[in-house]
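Chemist: Quick one: this structure, given as C-alpha cells, is what I'll be asking you about.
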Amino acid sequence: MTSATASSTSPARPASRPLGSFASRALVAAVLTALFAGLVWADATHLAGAPAGCWLLPAALLAAGAGAAEAVALTTPQRRGRQSLAAVLGATAIVVAGFLGAHAIDRGGLPDPLAGLGSVSVAVCIAIALAFAVEISGYRSGAGALARAAAGSLAAICLGMPFAFMLGLRLVRFEHAWHEPRGANPLDTLLPLVSFVAVVKAGDIAAYLFGSLLGRTRMAPILSPGKTWEGALAGLAGSVATAWLVLELLGPSAVGPQRPWGGWPVYGLLLGSAGIVGDLCESLVKRECGIKDSGRWLGGLGGMLDLVDSLLLAAPVAWLLWMAGRSL
C-alpha cells in the first residue's frame with residue numbers, strides 16, 4: 001500500500017503539541033494557581049478585616065476587564081481604542097453590580113435571589129449605553145460604527161456577567177455575607193467558588209492531556225482541529241471525578257450539608273459540558289478573526305480569553321445549581 005493510499009484511508013490524528021508547550025502552560029498555570037490560592041486564603045481569613053469576597057473582587061475586575069479589551073481588539077481591529085475602554089468600564093461595572101447584589105441577597109434585604117440581578121441589569125444597560133455613546137460622539141458614515149458598538153456591548157456583557165456570577169458563588173453558603181457565621185469553617189463558605197473552578201479546570205486539563213496523547217477523532221475539524229471526542233470524554237470524566245472529590249471527600253461541613261442541586265454527578269457533568277461549549281465558543285471567535293490565541297501576555301496559555309473561556313458559560317450554571325440546592 002502506498003503512503004498516499006494509507007493517508008487517505010486512515011483517520012487523521014490531530015497534530016500533537018510539542019513538549020515545550022506543555023512546560024510553558026504548566027509553568028504559567030502553576031503561577032496563576034498560586035496567586036489564586038493566595039487570594040482565596042486572604043478572603044477566607046478576612047485579611048485586614050475585609051468583608052467576604054473583597055479580596056477576590058480585584059481579580060474578577062482584572063480578568064473581566066482584560067478579557068473584554070481582548071474581545072474588542074479581536075473583533076474590531078480598526079478604530080477600537082475608545083470602544084475597548086467602554087467595554088472595560090462596562091464589564092467592570094457589571095462585576096461590581098453583581099458583587100453588591102449578592103451581598104444584598106445574603107443580608108436578607110431581598111426575598112428572591114433572582115432579585116439581586118436587578119443591579120446587574122442596570123449595569124448591563126449602562127454598558128450598552130457606553131458602547132453606543134462612544135460611536136455617537138465620533139460618528140462617521142461608513143466607518144463600521146454599529147459593528148463596533150455591538151462588539152463592545154457583547155464583550156462587556158459576555159465577560160462581566162460570568163464574573164458577577166463567580167463572585168456570587170462566594171456568597172451563597174451563609175446568611176450574612178459580610179461576616180462568616182460564628183464558628184464556621186472559612187473553607188466551607190468558599191466551597192461553591194473553589195469547587196466551580198476546580199471542576200471546570202480539571203476538565204480542561206484532562207481534555208488537553210488525553211486529547212493530545214490519545215485523541216483520534218476530531219470534534220470540530222474546521223472550528224478547532226485540536227479538539228477530539230476522546231479529549232472531551234476525558235474532560236467530562238475529569239470534571240465528574242473532581243466534583244466527587246471536592247464535594248464529598250474534601251468539602252468541609254461546618255455550615256451544614258448543603259450541596260448543589262443534583263449532587264456531585266450533576267454538578268460535574270453540567271459544569272464539564274458547559275466548559276467544553278465555552279471553549280468552543282471562543283474557538284469560533286478566534287477562527288472568525290483568523291488568530292490562534294487571544295493574546296500572549298500569559299505565555300503558553302495565551303491571553304485572558306484563552307484562560308477563562310471554559311469558565312464563562314459554566315459560571316451561571318454553577319450559580320443556579322448552588323442556589324437551587326440552597327432553596328431545597
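By order in the C-alpha cells, chains are A, B, ...; within a chain, residues start at 1; ligands start at 1, following the order shown.
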As a CSV table (one decimal) with C-alpha atoms, in the first residue's frame, please: every residue in stretch 181-281 of chain A that DSSP puts in strand (DSSP E or B).
Modeler:
```csv
chain,number,residue,atom,x,y,z
A,218,ARG,CA,-11.8,15.4,15.8
A,219,MET,CA,-14.7,17.0,17.4
A,220,ALA,CA,-14.9,20.1,15.2
A,224,SER,CA,-11.0,23.7,16.4
A,225,PRO,CA,-8.8,20.9,14.8
A,226,GLY,CA,-7.0,20.2,18.1
A,227,LYS,CA,-10.1,19.1,20.0
A,228,THR,CA,-11.1,15.5,19.9
```
Chemist: Residues near stretch 60-75 of chain A, anyone? I mean within 7 Å using only C-alpha atoms, not counting same-chain ones fewer than 3 positions away, as a PDB file with C-alpha atoms, in the first residue's frame.
Modeler:
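Wrote around.pdb, looks like this:
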```
ATOM      1  CA  LEU A  56     -11.425  38.238  45.116  1.00  0.00           C
ATOM      2  CA  LEU A  57     -13.117  41.294  43.611  1.00  0.00           C
ATOM      3  CA  ARG A  80     -11.122  50.358  18.604  1.00  0.00           C
ATOM      4  CA  SER A  84     -12.099  48.981  24.239  1.00  0.00           C
ATOM      5  CA  ALA A  87     -16.080  47.638  27.122  1.00  0.00           C
ATOM      6  CA  VAL A  88     -13.678  47.519  30.080  1.00  0.00           C
ATOM      7  CA  ALA A  91     -17.609  44.788  32.152  1.00  0.00           C
ATOM      8  CA  THR A  92     -16.220  46.026  35.464  1.00  0.00           C
ATOM      9  CA  VAL A  95     -18.982  42.729  38.056  1.00  0.00           C
ATOM     10  CA  ALA A 151     -18.844  44.180  19.651  1.00  0.00           C
ATOM     11  CA  GLY A 152     -18.214  46.437  22.640  1.00  0.00           C
ATOM     12  CA  ALA A 155     -17.695  41.948  25.113  1.00  0.00           C
ATOM     13  CA  ALA A 156     -18.776  43.806  28.253  1.00  0.00           C
ATOM     14  CA  LEU A 159     -17.155  38.972  30.314  1.00  0.00           C
ATOM     15  CA  GLY A 160     -18.893  40.943  33.046  1.00  0.00           C
ATOM     16  CA  PHE A 163     -17.557  37.060  36.734  1.00  0.00           C
ATOM     17  CA  CYS A 289     -10.842  36.578  13.418  1.00  0.00           C
ATOM     18  CA  SER A 294      -6.417  35.884  22.070  1.00  0.00           C
ATOM     19  CA  MET A 304      -7.060  36.204  29.207  1.00  0.00           C
ATOM     20  CA  LEU A 305      -9.849  34.856  26.989  1.00  0.00           C
TER      21      LEU A 305
END
```
Chemist: In Å, with one decimal, what is the gap from atom CA of A:Ala52 to atom CA of A:Ala127?
Modeler: 26.0 Å
Chemist: Considering only C-alpha atoms, can you say which of A:Ile222, A:Leu307, A:Ala318, A:Leu214 comes closest to A:Leu269?
Modeler: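 Going through A:Ile222, A:Leu307, A:Ala318, A:Leu214 one by one, the smallest distance to A:Leu269 is for A:Ala318.
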Chemist: From the options A:Pro260, A:Gly168, A:Pro58, A:Gly215, which residue's atoms come nearest to A:Ala102, counting only C-alpha atoms?
Modeler: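 Looking only at the distances to A:Ala102, the closest residue turns out to be A:Gly168.
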Chemist: Which one is closest to A:Ala29: A:Asp204, A:Glu135, A:Asp293, A:Asp43? Count only C-alpha atoms.
Modeler: A:Asp204
Chemist: Can you pull out every residue within 9 Å of A:Ala97, counting only C-alpha atoms, but drop anything in the same chain fewer than 5 positions away, and send it as a PyMOL selection string?
Modeler: chain A and resi 92+102+117-123+164
Chemist: With only C-alpha atoms as the counted atoms, please give the residues lying no more than 9 Å from stretch 235-248 of chain A, apart from itself and same-chain residues fewer than 3 positions off, as an mmCIF file with C-alpha atoms, in the first residue's frame.
Modeler:
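Saved result, out27.cif, follows:
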```
data_model
loop_
_atom_site.group_PDB
_atom_site.id
_atom_site.type_symbol
_atom_site.label_atom_id
_atom_site.label_comp_id
_atom_site.auth_asym_id
_atom_site.auth_seq_id
_atom_site.Cartn_x
_atom_site.Cartn_y
_atom_site.Cartn_z
ATOM 1 C CA LEU A 191 -16.673 25.701 48.658
ATOM 2 C CA VAL A 194 -13.434 26.737 44.746
ATOM 3 C CA SER A 195 -15.357 23.672 43.591
ATOM 4 C CA PHE A 196 -16.530 25.527 40.479
ATOM 5 C CA ALA A 198 -11.601 23.063 40.302
ATOM 6 C CA VAL A 199 -14.261 21.115 38.402
ATOM 7 C CA VAL A 200 -14.081 23.195 35.225
ATOM 8 C CA LYS A 201 -10.288 23.451 35.124
ATOM 9 C CA ALA A 202 -9.823 19.759 35.918
ATOM 10 C CA GLY A 203 -11.933 19.035 32.858
ATOM 11 C CA ASP A 204 -9.776 21.435 30.832
ATOM 12 C CA ILE A 205 -6.578 19.726 31.897
ATOM 13 C CA ALA A 206 -7.871 16.206 31.336
ATOM 14 C CA ALA A 207 -9.206 17.103 27.882
ATOM 15 C CA TYR A 208 -5.921 18.748 26.890
ATOM 16 C CA PHE A 210 -5.759 12.976 26.872
ATOM 17 C CA GLY A 211 -6.672 14.725 23.648
ATOM 18 C CA GLU A 230 -11.616 11.344 23.226
ATOM 19 C CA GLY A 231 -10.355 14.503 24.903
ATOM 20 C CA ALA A 232 -13.898 15.724 25.527
ATOM 21 C CA GLY A 251 -15.803 19.557 51.289
ATOM 22 C CA PRO A 252 -15.990 20.694 54.939
ATOM 23 C CA ARG A 259 -24.699 20.836 48.269
ATOM 24 C CA GLY A 263 -25.172 16.413 43.909
ATOM 25 C CA TRP A 264 -21.715 15.822 42.522
ATOM 26 C CA PRO A 265 -22.722 13.769 39.431
ATOM 27 C CA VAL A 266 -24.965 16.512 38.027
ATOM 28 C CA TYR A 267 -22.544 19.234 39.117
ATOM 29 C CA GLY A 268 -19.570 17.614 37.413
ATOM 30 C CA LEU A 269 -21.411 16.674 34.241
ATOM 31 C CA LEU A 270 -23.126 20.029 33.669
ATOM 32 C CA LEU A 271 -20.086 22.157 34.523
ATOM 33 C CA GLY A 272 -17.818 19.971 32.413
ATOM 34 C CA SER A 273 -20.206 20.199 29.458
ATOM 35 C CA ILE A 276 -16.436 22.439 26.649
#
```
Chemist: Write out as number ranges by chain all residues of stretch 110-322 of chain A that backbone DSSP assigns to alpha helix (DSSP H).
Modeler: A: 117-137, 145-169, 186-214, 229-244, 263-289, 304-322
Chemist: Just the selected residues (C-alpha atoms), exported as a compact mmCIF listing (two decimals), in the first residue's frame, please.
Modeler:
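The result, stored in out.txt:
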```txt
# COMPACT_ATOMS: atom_id res chain seq x y z
CA LEU A 117 -29.80 40.58 39.43
CA GLY A 118 -31.65 43.90 39.21
CA SER A 119 -28.45 45.83 39.86
CA VAL A 120 -26.69 43.73 37.23
CA SER A 121 -29.43 44.53 34.71
CA VAL A 122 -28.88 48.24 35.31
CA ALA A 123 -25.14 47.78 34.80
CA VAL A 124 -25.77 45.89 31.54
CA CYS A 125 -27.85 48.80 30.26
CA ILE A 126 -25.04 51.17 31.23
CA ALA A 127 -22.50 49.03 29.36
CA ILE A 128 -24.63 49.10 26.21
CA ALA A 129 -25.13 52.84 26.53
CA LEU A 130 -21.37 53.39 26.86
CA ALA A 131 -20.67 51.35 23.75
CA PHE A 132 -23.12 53.38 21.68
CA ALA A 133 -22.12 56.73 23.23
CA VAL A 134 -18.54 56.18 22.06
CA GLU A 135 -19.68 55.68 18.49
CA ILE A 136 -22.19 58.56 18.59
CA SER A 137 -19.53 61.00 19.77
CA ALA A 145 -19.84 52.22 14.00
CA LEU A 146 -22.69 49.74 14.51
CA ALA A 147 -20.36 46.73 14.36
CA ARG A 148 -18.02 48.29 16.93
CA ALA A 149 -20.90 49.22 19.26
CA ALA A 150 -22.28 45.69 19.03
CA ALA A 151 -18.84 44.18 19.65
CA GLY A 152 -18.21 46.44 22.64
CA SER A 153 -21.62 45.70 24.19
CA LEU A 154 -21.22 41.97 23.69
CA ALA A 155 -17.70 41.95 25.11
CA ALA A 156 -18.78 43.81 28.25
CA ILE A 157 -21.77 41.53 28.85
CA CYS A 158 -20.08 38.23 27.99
CA LEU A 159 -17.16 38.97 30.31
CA GLY A 160 -18.89 40.94 33.05
CA MET A 161 -21.87 38.68 33.69
CA PRO A 162 -19.92 35.43 34.26
CA PHE A 163 -17.56 37.06 36.73
CA ALA A 164 -20.53 38.56 38.55
CA PHE A 165 -21.87 35.02 38.93
CA MET A 166 -18.45 33.80 40.12
CA LEU A 167 -18.40 36.37 42.90
CA GLY A 168 -21.97 35.38 43.71
CA LEU A 169 -20.71 31.84 44.27
CA PRO A 186 -13.99 29.56 56.36
CA LEU A 187 -13.32 26.93 53.71
CA ASP A 188 -16.95 25.87 53.83
CA THR A 189 -18.19 29.23 52.60
CA LEU A 190 -15.60 29.15 49.82
CA LEU A 191 -16.67 25.70 48.66
CA PRO A 192 -19.02 26.84 45.85
CA LEU A 193 -16.40 29.06 44.21
CA VAL A 194 -13.43 26.74 44.75
CA SER A 195 -15.36 23.67 43.59
CA PHE A 196 -16.53 25.53 40.48
CA VAL A 197 -13.00 26.49 39.42
CA ALA A 198 -11.60 23.06 40.30
CA VAL A 199 -14.26 21.11 38.40
CA VAL A 200 -14.08 23.20 35.23
CA LYS A 201 -10.29 23.45 35.12
CA ALA A 202 -9.82 19.76 35.92
CA GLY A 203 -11.93 19.03 32.86
CA ASP A 204 -9.78 21.43 30.83
CA ILE A 205 -6.58 19.73 31.90
CA ALA A 206 -7.87 16.21 31.34
CA ALA A 207 -9.21 17.10 27.88
CA TYR A 208 -5.92 18.75 26.89
CA LEU A 209 -3.70 15.91 28.09
CA PHE A 210 -5.76 12.98 26.87
CA GLY A 211 -6.67 14.73 23.65
CA SER A 212 -3.03 15.46 22.92
CA LEU A 213 -1.81 11.95 23.72
CA LEU A 214 -4.70 9.70 22.71
CA TRP A 229 -14.05 13.43 21.20
CA GLU A 230 -11.62 11.34 23.23
CA GLY A 231 -10.35 14.50 24.90
CA ALA A 232 -13.90 15.72 25.53
CA LEU A 233 -14.90 12.45 27.19
CA ALA A 234 -11.74 12.54 29.30
CA GLY A 235 -12.58 16.12 30.26
CA LEU A 236 -16.08 15.16 31.38
CA ALA A 237 -14.67 12.26 33.39
CA GLY A 238 -12.15 14.60 35.00
CA SER A 239 -14.86 17.10 35.90
CA VAL A 240 -17.15 14.46 37.43
CA ALA A 241 -14.28 12.88 39.37
CA THR A 242 -13.19 16.26 40.70
CA ALA A 243 -16.76 17.13 41.70
CA TRP A 244 -16.92 13.93 43.74
CA GLY A 263 -25.17 16.41 43.91
CA TRP A 264 -21.72 15.82 42.52
CA PRO A 265 -22.72 13.77 39.43
CA VAL A 266 -24.96 16.51 38.03
CA TYR A 267 -22.54 19.23 39.12
CA GLY A 268 -19.57 17.61 37.41
CA LEU A 269 -21.41 16.67 34.24
CA LEU A 270 -23.13 20.03 33.67
CA LEU A 271 -20.09 22.16 34.52
CA GLY A 272 -17.82 19.97 32.41
CA SER A 273 -20.21 20.20 29.46
CA ALA A 274 -20.58 23.97 29.84
CA GLY A 275 -16.80 24.29 29.96
CA ILE A 276 -16.44 22.44 26.65
CA VAL A 277 -19.08 24.61 24.97
CA GLY A 278 -17.44 27.78 26.32
CA ASP A 279 -14.11 26.67 24.90
CA LEU A 280 -15.72 26.06 21.50
CA CYS A 281 -17.40 29.48 21.59
CA GLU A 282 -14.02 31.16 21.96
CA SER A 283 -12.64 28.94 19.19
CA LEU A 284 -15.38 30.26 16.91
CA VAL A 285 -14.43 33.86 17.68
CA LYS A 286 -10.74 33.20 17.08
CA ARG A 287 -11.41 31.26 13.89
CA GLU A 288 -13.56 34.08 12.52
CA CYS A 289 -10.84 36.58 13.42
CA MET A 304 -7.06 36.20 29.21
CA LEU A 305 -9.85 34.86 26.99
CA ASP A 306 -7.86 31.66 26.45
CA LEU A 307 -7.58 31.28 30.22
CA VAL A 308 -11.20 31.92 31.19
CA ASP A 309 -13.16 30.73 28.14
CA SER A 310 -14.30 27.48 29.76
CA LEU A 311 -15.40 29.32 32.92
CA LEU A 312 -17.69 31.83 31.23
CA LEU A 313 -20.67 29.61 30.38
CA ALA A 314 -20.11 27.35 33.38
CA ALA A 315 -20.39 30.19 35.92
CA PRO A 316 -24.17 30.77 35.63
CA VAL A 317 -24.74 27.00 35.59
CA ALA A 318 -22.83 26.59 38.85
CA TRP A 319 -24.63 29.56 40.43
CA LEU A 320 -28.04 28.16 39.51
CA LEU A 321 -27.17 24.70 40.88
CA TRP A 322 -25.97 26.12 44.20
```
Chemist: Mind giving me the straight-line distance from atom CA of A:Leu100 to atom CA of A:Arg170 in Å, one decimal?
Modeler: 12.1 Å
Chemist: Which one is closest to A:Arg326: A:Ala44, A:Leu171, A:Leu301, A:Ala50? Count only C-alpha atoms.
Modeler: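 Between A:Ala44, A:Leu171, A:Leu301, A:Ala50, the residue approaching A:Arg326 most closely is A:Leu171.
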